[in-house]
>>> print(open('structure32.cif').read())   # mmCIF, C-alpha atoms
data_upload
loop_
_atom_site.label_atom_id
_atom_site.label_comp_id
_atom_site.auth_asym_id
_atom_site.auth_seq_id
_atom_site.Cartn_x
_atom_site.Cartn_y
_atom_site.Cartn_z
CA MET A 20 182.13 -68.77 90.18
CA ASN A 21 183.36 -66.77 87.18
CA SER A 22 181.20 -64.42 85.09
CA LYS A 23 180.91 -66.90 82.20
CA LYS A 24 179.38 -69.54 84.46
CA ILE A 25 177.01 -66.98 86.00
CA SER A 26 175.96 -65.90 82.51
CA GLU A 27 175.23 -69.48 81.48
CA GLN A 28 173.09 -70.11 84.57
CA SER A 29 171.23 -66.79 84.88
CA ALA A 30 168.57 -65.30 82.66
CA LEU A 31 169.94 -61.87 83.55
CA ALA A 32 172.42 -60.86 86.25
CA VAL A 33 173.95 -57.57 87.40
CA TYR A 34 177.68 -57.99 87.97
CA PHE A 35 178.93 -54.57 88.93
CA CYS A 36 177.80 -50.95 89.19
CA ASP A 37 179.81 -47.79 89.91
CA MET A 38 180.39 -44.18 88.85
CA GLU A 39 183.35 -41.96 88.05
CA HIS A 40 184.09 -38.22 87.78
CA CYS A 41 186.66 -38.18 84.98
CA GLU A 42 189.63 -35.88 84.64
CA PRO A 43 189.89 -33.80 81.41
CA GLY A 44 190.87 -36.08 78.53
CA HIS A 45 190.65 -39.26 80.66
CA ALA A 46 190.42 -42.23 78.28
CA PHE A 47 189.95 -45.98 78.36
CA GLY A 48 190.75 -48.49 75.65
CA PRO A 49 190.84 -49.78 73.09
CA ALA A 50 189.79 -52.83 75.11
CA VAL A 51 187.16 -55.56 75.29
CA ARG A 52 184.80 -56.59 78.08
CA PRO A 53 183.59 -60.10 78.93
CA HIS A 54 180.00 -58.94 79.44
CA TYR A 55 177.66 -56.06 78.57
CA LEU A 56 178.60 -52.67 80.02
CA LEU A 57 176.11 -49.80 79.92
CA HIS A 58 177.34 -46.25 80.64
CA VAL A 59 174.99 -43.37 81.51
CA ILE A 60 176.48 -39.88 81.29
CA LEU A 61 175.50 -37.92 84.39
CA ASP A 62 177.19 -34.66 83.43
CA GLY A 63 179.71 -33.19 80.97
CA LYS A 64 180.59 -34.73 77.63
CA GLY A 65 183.01 -36.97 75.76
CA ILE A 66 183.41 -39.34 72.83
CA TYR A 67 182.74 -43.06 72.32
CA GLN A 68 184.37 -44.95 69.44
CA LYS A 69 183.24 -48.30 68.05
CA ASP A 70 183.70 -49.96 64.65
CA GLY A 71 185.47 -46.90 63.26
CA LYS A 72 182.66 -44.51 64.26
CA THR A 73 182.95 -41.67 66.76
CA TYR A 74 179.93 -40.61 68.81
CA HIS A 75 179.89 -37.25 70.62
CA LEU A 76 177.83 -37.70 73.76
CA GLU A 77 176.74 -35.57 76.70
CA LYS A 78 174.54 -35.54 79.80
CA GLY A 79 171.56 -37.91 79.59
CA SER A 80 173.07 -40.03 76.79
CA SER A 81 174.17 -43.64 77.17
CA PHE A 82 176.38 -46.10 75.34
CA LEU A 83 176.36 -49.89 75.46
CA ILE A 84 179.56 -51.92 75.16
CA PRO A 85 178.78 -55.48 73.95
CA PRO A 86 180.82 -58.47 75.16
CA MET A 87 184.22 -58.97 73.50
CA GLU A 88 183.96 -55.97 71.14
CA SER A 89 186.83 -53.48 71.10
CA THR A 90 185.82 -49.94 72.06
CA PHE A 91 187.43 -46.67 73.17
CA TYR A 92 186.00 -43.69 75.05
CA ARG A 93 187.45 -40.39 76.28
CA ALA A 94 186.25 -37.47 78.40
CA ASP A 95 186.15 -33.99 76.89
CA THR A 96 189.18 -31.82 77.70
CA GLU A 97 187.08 -28.81 78.72
CA GLU A 98 183.87 -30.36 80.08
CA PRO A 99 184.90 -33.89 81.14
CA TRP A 100 182.03 -36.23 81.75
CA SER A 101 180.93 -37.99 84.88
CA TYR A 102 179.28 -41.31 84.22
CA ALA A 103 177.86 -44.34 85.95
CA TRP A 104 178.03 -47.83 84.54
CA VAL A 105 176.49 -51.23 85.07
CA GLY A 106 177.91 -54.57 83.97
CA PHE A 107 175.43 -57.33 83.24
CA ASP A 108 174.90 -60.49 81.22
CA GLY A 109 172.76 -63.63 81.00
CA LYS A 110 170.81 -65.87 78.66
CA SER A 111 168.00 -63.32 78.25
CA CYS A 112 170.19 -60.32 77.46
CA LYS A 113 169.69 -60.33 73.70
CA GLU A 114 165.95 -60.79 74.06
CA VAL A 115 165.71 -57.90 76.55
CA LEU A 116 167.96 -55.57 74.54
CA GLU A 117 165.91 -56.27 71.39
CA GLN A 118 163.14 -54.23 73.02
CA THR A 119 165.39 -51.19 73.46
CA VAL A 120 167.24 -48.77 71.18
CA PHE A 121 170.20 -51.13 71.51
CA ALA A 122 168.49 -53.54 69.13
CA ASP A 123 170.14 -51.65 66.27
CA SER A 124 172.39 -49.06 67.91
CA CYS A 125 175.03 -48.83 70.62
CA ILE A 126 173.86 -45.33 71.62
CA PHE A 127 170.87 -43.88 73.43
CA THR A 128 170.23 -40.15 73.07
CA SER A 129 167.17 -37.97 73.58
CA ASP A 130 166.30 -34.35 72.88
CA SER A 131 163.82 -34.44 75.76
CA GLU A 132 165.25 -33.04 78.98
CA GLU A 133 162.59 -34.99 80.89
CA GLU A 134 163.72 -38.28 79.33
CA GLN A 135 167.37 -37.45 80.05
CA GLU A 136 166.61 -36.78 83.71
CA GLN A 137 164.56 -39.98 83.93
CA VAL A 138 167.50 -42.05 82.63
CA ILE A 139 169.88 -40.39 85.10
CA HIS A 140 167.43 -40.89 87.97
CA CYS A 141 167.03 -44.61 87.13
CA MET A 142 170.81 -45.02 86.94
CA GLU A 143 171.24 -43.36 90.34
CA ASP A 144 168.61 -45.69 91.80
CA LEU A 145 170.49 -48.64 90.30
CA LEU A 146 173.74 -47.43 91.87
CA GLU A 147 172.12 -47.12 95.28
CA SER A 148 170.44 -50.52 95.05
CA PHE A 149 173.73 -52.16 94.07
CA ARG A 150 175.46 -50.65 97.11
CA THR A 151 172.84 -52.24 99.38
CA SER A 152 172.33 -55.43 97.35
CA TRP A 153 173.52 -57.54 100.30
CA LYS A 154 170.18 -56.64 101.93
CA THR A 155 167.92 -56.85 98.88
CA PRO A 156 169.74 -58.79 96.13
CA LEU A 157 166.88 -58.54 93.60
CA ASN A 158 166.75 -54.73 93.67
CA PRO A 159 169.67 -54.10 91.28
CA LEU A 160 168.12 -56.36 88.64
CA GLY A 161 164.74 -54.66 89.03
CA ASN A 162 166.37 -51.25 88.67
CA LEU A 163 168.28 -52.42 85.58
CA PHE A 164 164.95 -53.31 83.95
CA LEU A 165 163.58 -49.89 84.88
CA LEU A 166 166.64 -48.22 83.36
CA LEU A 167 166.32 -50.20 80.12
CA SER A 168 162.60 -49.43 79.97
CA CYS A 169 163.55 -45.74 79.65
CA MET A 170 165.39 -46.70 76.47
CA SER A 171 162.61 -48.55 74.66
CA HIS A 172 162.85 -48.80 70.90
CA PRO A 173 161.16 -45.77 69.26
CA HIS A 174 160.09 -47.88 66.29
CA ALA A 175 159.05 -51.02 68.18
CA ILE A 176 155.40 -50.64 67.18
CA ALA A 177 156.29 -49.79 63.58
CA LYS A 178 158.10 -53.12 63.21
CA GLU A 179 154.86 -54.97 63.86
CA ASP A 180 151.39 -53.77 62.98
CA TYR A 181 149.15 -52.82 65.88
CA SER A 182 146.71 -55.72 65.59
CA ALA A 183 149.51 -58.32 65.54
CA GLN A 184 151.13 -56.69 68.53
CA TYR A 185 147.85 -56.62 70.49
CA TYR A 186 147.19 -60.25 69.55
CA ARG A 187 150.64 -61.33 70.71
CA LYS A 188 150.29 -59.43 73.97
CA ALA A 189 146.84 -60.92 74.63
CA LYS A 190 148.11 -64.45 73.95
CA GLU A 191 151.00 -63.93 76.35
CA TYR A 192 148.55 -62.78 79.03
CA ILE A 193 146.38 -65.86 78.50
CA GLU A 194 149.35 -68.24 78.49
CA ASN A 195 150.70 -66.73 81.71
CA ASN A 196 147.38 -66.47 83.56
CA TYR A 197 145.11 -69.27 82.30
CA THR A 198 145.18 -70.95 85.71
CA TYR A 199 143.38 -67.94 87.27
CA PRO A 200 139.69 -67.01 86.80
CA ILE A 201 140.52 -64.34 84.21
CA ARG A 202 137.80 -62.65 82.16
CA ILE A 203 137.93 -61.33 78.62
CA SER A 204 137.65 -57.81 80.04
CA ASP A 205 140.85 -58.49 82.03
CA ILE A 206 142.68 -59.40 78.82
CA ALA A 207 141.38 -56.33 76.99
CA ARG A 208 142.37 -54.08 79.89
CA PHE A 209 145.87 -55.54 79.98
CA VAL A 210 146.34 -55.03 76.24
CA GLY A 211 144.86 -51.52 76.41
CA ILE A 212 141.94 -51.91 73.99
CA ASP A 213 138.20 -52.55 74.33
CA ARG A 214 136.58 -55.99 74.17
CA THR A 215 135.04 -55.42 70.76
CA TYR A 216 138.38 -54.62 69.15
CA LEU A 217 140.01 -57.55 70.97
CA TYR A 218 137.34 -59.89 69.56
CA LYS A 219 137.91 -58.54 66.04
CA ILE A 220 141.68 -59.03 66.30
CA PHE A 221 141.38 -62.64 67.51
CA MET A 222 138.96 -63.51 64.74
CA GLU A 223 141.33 -62.01 62.16
CA GLN A 224 144.45 -63.66 63.55
CA SER A 225 143.17 -67.08 64.65
CA SER A 226 139.50 -67.44 63.59
CA LEU A 227 138.76 -67.91 67.29
CA SER A 228 137.17 -65.53 69.77
CA PRO A 229 139.27 -64.63 72.84
CA LYS A 230 136.98 -66.83 74.94
CA GLN A 231 137.47 -69.79 72.59
CA TYR A 232 141.24 -69.26 72.52
CA LEU A 233 141.37 -69.18 76.34
CA LEU A 234 139.27 -72.37 76.59
CA GLN A 235 141.35 -74.21 74.00
CA HIS A 236 144.58 -73.19 75.69
CA ARG A 237 143.28 -74.49 79.02
CA LEU A 238 142.25 -77.77 77.40
CA ARG A 239 145.63 -78.04 75.66
CA ILE A 240 147.44 -77.73 79.00
CA ALA A 241 144.98 -80.15 80.62
CA THR A 242 145.67 -82.70 77.88
CA GLN A 243 149.41 -82.47 78.56
CA MET A 244 148.82 -82.93 82.29
CA LEU A 245 146.60 -85.95 81.71
CA CYS A 246 149.28 -87.56 79.55
CA ASN A 247 152.37 -86.67 81.56
CA SER A 248 151.34 -86.58 85.22
CA SER A 249 149.44 -88.47 87.89
CA TYR A 250 147.43 -85.47 89.09
CA THR A 251 143.76 -86.17 89.78
CA ILE A 252 141.04 -84.88 87.46
CA THR A 253 140.06 -82.33 90.11
CA GLU A 254 143.65 -81.11 90.50
CA ILE A 255 143.98 -80.68 86.74
CA ALA A 256 140.62 -78.90 86.52
CA PHE A 257 141.55 -76.28 89.11
CA SER A 258 145.12 -75.99 87.81
CA CYS A 259 143.84 -75.12 84.34
CA GLY A 260 141.37 -72.48 85.49
CA PHE A 261 138.10 -74.46 85.45
CA LYS A 262 135.66 -73.79 88.28
CA ASP A 263 135.21 -77.48 89.12
CA ALA A 264 135.83 -81.01 87.83
CA PRO A 265 132.35 -81.52 86.26
CA ALA A 266 132.66 -78.33 84.21
CA PHE A 267 136.13 -79.39 83.08
CA SER A 268 134.88 -82.86 82.13
CA ASN A 269 132.00 -81.44 80.11
CA TYR A 270 134.22 -79.06 78.13
CA PHE A 271 136.87 -81.74 77.62
CA LYS A 272 134.41 -84.31 76.27
CA LYS A 273 132.80 -81.72 73.99
CA TYR A 274 136.10 -80.74 72.35
CA VAL A 275 138.15 -83.95 72.61
CA GLY A 276 135.47 -86.62 72.38
CA TYR A 277 136.46 -88.42 75.59
CA THR A 278 135.98 -87.67 79.25
CA PRO A 279 139.30 -86.76 80.93
CA ARG A 280 139.39 -90.14 82.71
CA ALA A 281 138.66 -92.10 79.54
CA PHE A 282 141.23 -90.06 77.60
CA ARG A 283 143.93 -90.82 80.19
CA GLN A 284 143.09 -94.53 80.17
CA HIS A 285 143.15 -94.61 76.36
CA PHE A 286 146.49 -92.78 76.28
CA GLN A 287 148.07 -95.13 78.83
CA LYS A 288 146.80 -98.16 76.92
CA GLU A 289 148.30 -96.86 73.65
CA LYS A 290 151.53 -95.96 75.40
CA ASN A 291 151.90 -99.43 76.90
#
>>> encode(input="structure32.cif", output="structure tokens")
Amino acid sequence: MNSKKISEQSALAVYFCDMEHCEPGHAFGPAVRPHYLLHVILDGKGIYQKDGKTYHLEKGSSFLIPPMESTFYRADTEEPWSYAWVGFDGKSCKEVLEQTVFADSCIFTSDSEEEQEQVIHCMEDLLESFRTSWKTPLNPLGNLFLLLSCMSHPHAIAKEDYSAQYYRKAKEYIENNYTYPIRISDIARFVGIDRTYLYKIFMEQSSLSPKQYLLQHRLRIATQMLCNSSYTITEIAFSCGFKDAPAFSNYFKKYVGYTPRAFRQHFQKEKN
């Protein structure tokens, strides 16, 4: 299976990972790659050229080569770099990279020695996991996420005001966990704010309290299941996070105007 087909089928996949100790002045390119290629400089320095720009990079920095874009890079003649690289691609690549510095740059640099060492450490872990991926095939992908998390966008919060970001994060938690017996305190803890502030944000953004939003989301999913499946009322109740079928039926009738059974019968009649 070629890399294009893998890319089309996978949300994100690691293709290859290796490292190289370059000779002075060692260069590659200009050339293009069929997938993303992320280099992490482990030691030394060199240059990376893209779109007519030259970047002078050294230990702890990284550069990302996008698919099918011509680039050139060369090791320094006096302090040639050593670097490790990882090739990856997939349907979720752009979405993942949007959360990193690579959303609007091809370069990651940091003045913090601690951050530089963290990036190098994550890259070394990725290398090691790739070498043993025949035993644990998910490890390289997990380590790629850890590496990219070290390169999060420094202005990610500035692009979206705090309350909107907290609201979005809380909604995602609800939509991913509504089937479990989650509490409002669980949502607030996940977002990183207190319950009072969470309540205020939900009222501002949706005119609903977090509890009301959670209930309405559960009922929305239950409605879809009633219309598009043959699951029993009890199965739907538990699947949507209700403690039992009677409680589910009471909430459903209050908000929809029908019992779940009557709603399903009415829907089937209209459908037929």
>>> atom_distance(input="structure32.cif", atom1="atom CA of Tyr216 of chain A", atom2="atom CA of Tyr185 of chain A")
9.8 Å
>>> closest_residue(input="structure32.cif", among="A:Thr155, A:Ser258, A:Ser226, A:Ser249", to="Gln284 of chain A", atoms="all atoms listed in the file")
A:Ser249
>>> resolve_selection(input="structure32.cif", expression="the PyMOL selection byres ((chain A and resi 168) around 12)", output="VMD selection string")
chain A and resid 115 to 121 127 134 137 to 138 141 to 142 161 to 167 169 to 173
>>> closest_residue(input="structure32.cif", among="A:Leu157, A:Ile84, A:Ala103, A:Val210", to="Tyr181 of chain A", atoms="only C-alpha atoms")
A:Val210
>>> resolve_selection(input="structure32.cif", expression="the PyMOL selection byres ((chain A and resi 129) around 10)", output="CSV table (one decimal) with C-alpha atoms, in the frame of the given file")
chain,number,residue,atom,x,y,z
A,78,LYS,CA,174.5,-35.5,79.8
A,79,GLY,CA,171.6,-37.9,79.6
A,80,SER,CA,173.1,-40.0,76.8
A,81,SER,CA,174.2,-43.6,77.2
A,127,PHE,CA,170.9,-43.9,73.4
A,128,THR,CA,170.2,-40.2,73.1
A,130,ASP,CA,166.3,-34.4,72.9
A,131,SER,CA,163.8,-34.4,75.8
A,132,GLU,CA,165.2,-33.0,79.0
A,133,GLU,CA,162.6,-35.0,80.9
A,134,GLU,CA,163.7,-38.3,79.3
A,135,GLN,CA,167.4,-37.4,80.0
A,138,VAL,CA,167.5,-42.0,82.6
A,170,MET,CA,165.4,-46.7,76.5
>>> resolve_selection(input="structure32.cif", expression="the PyMOL selection byres ((chain A and resi 238) around 9)", output="number ranges by chain")
A: 233-237, 239-243, 259, 267, 270-271, 274-275
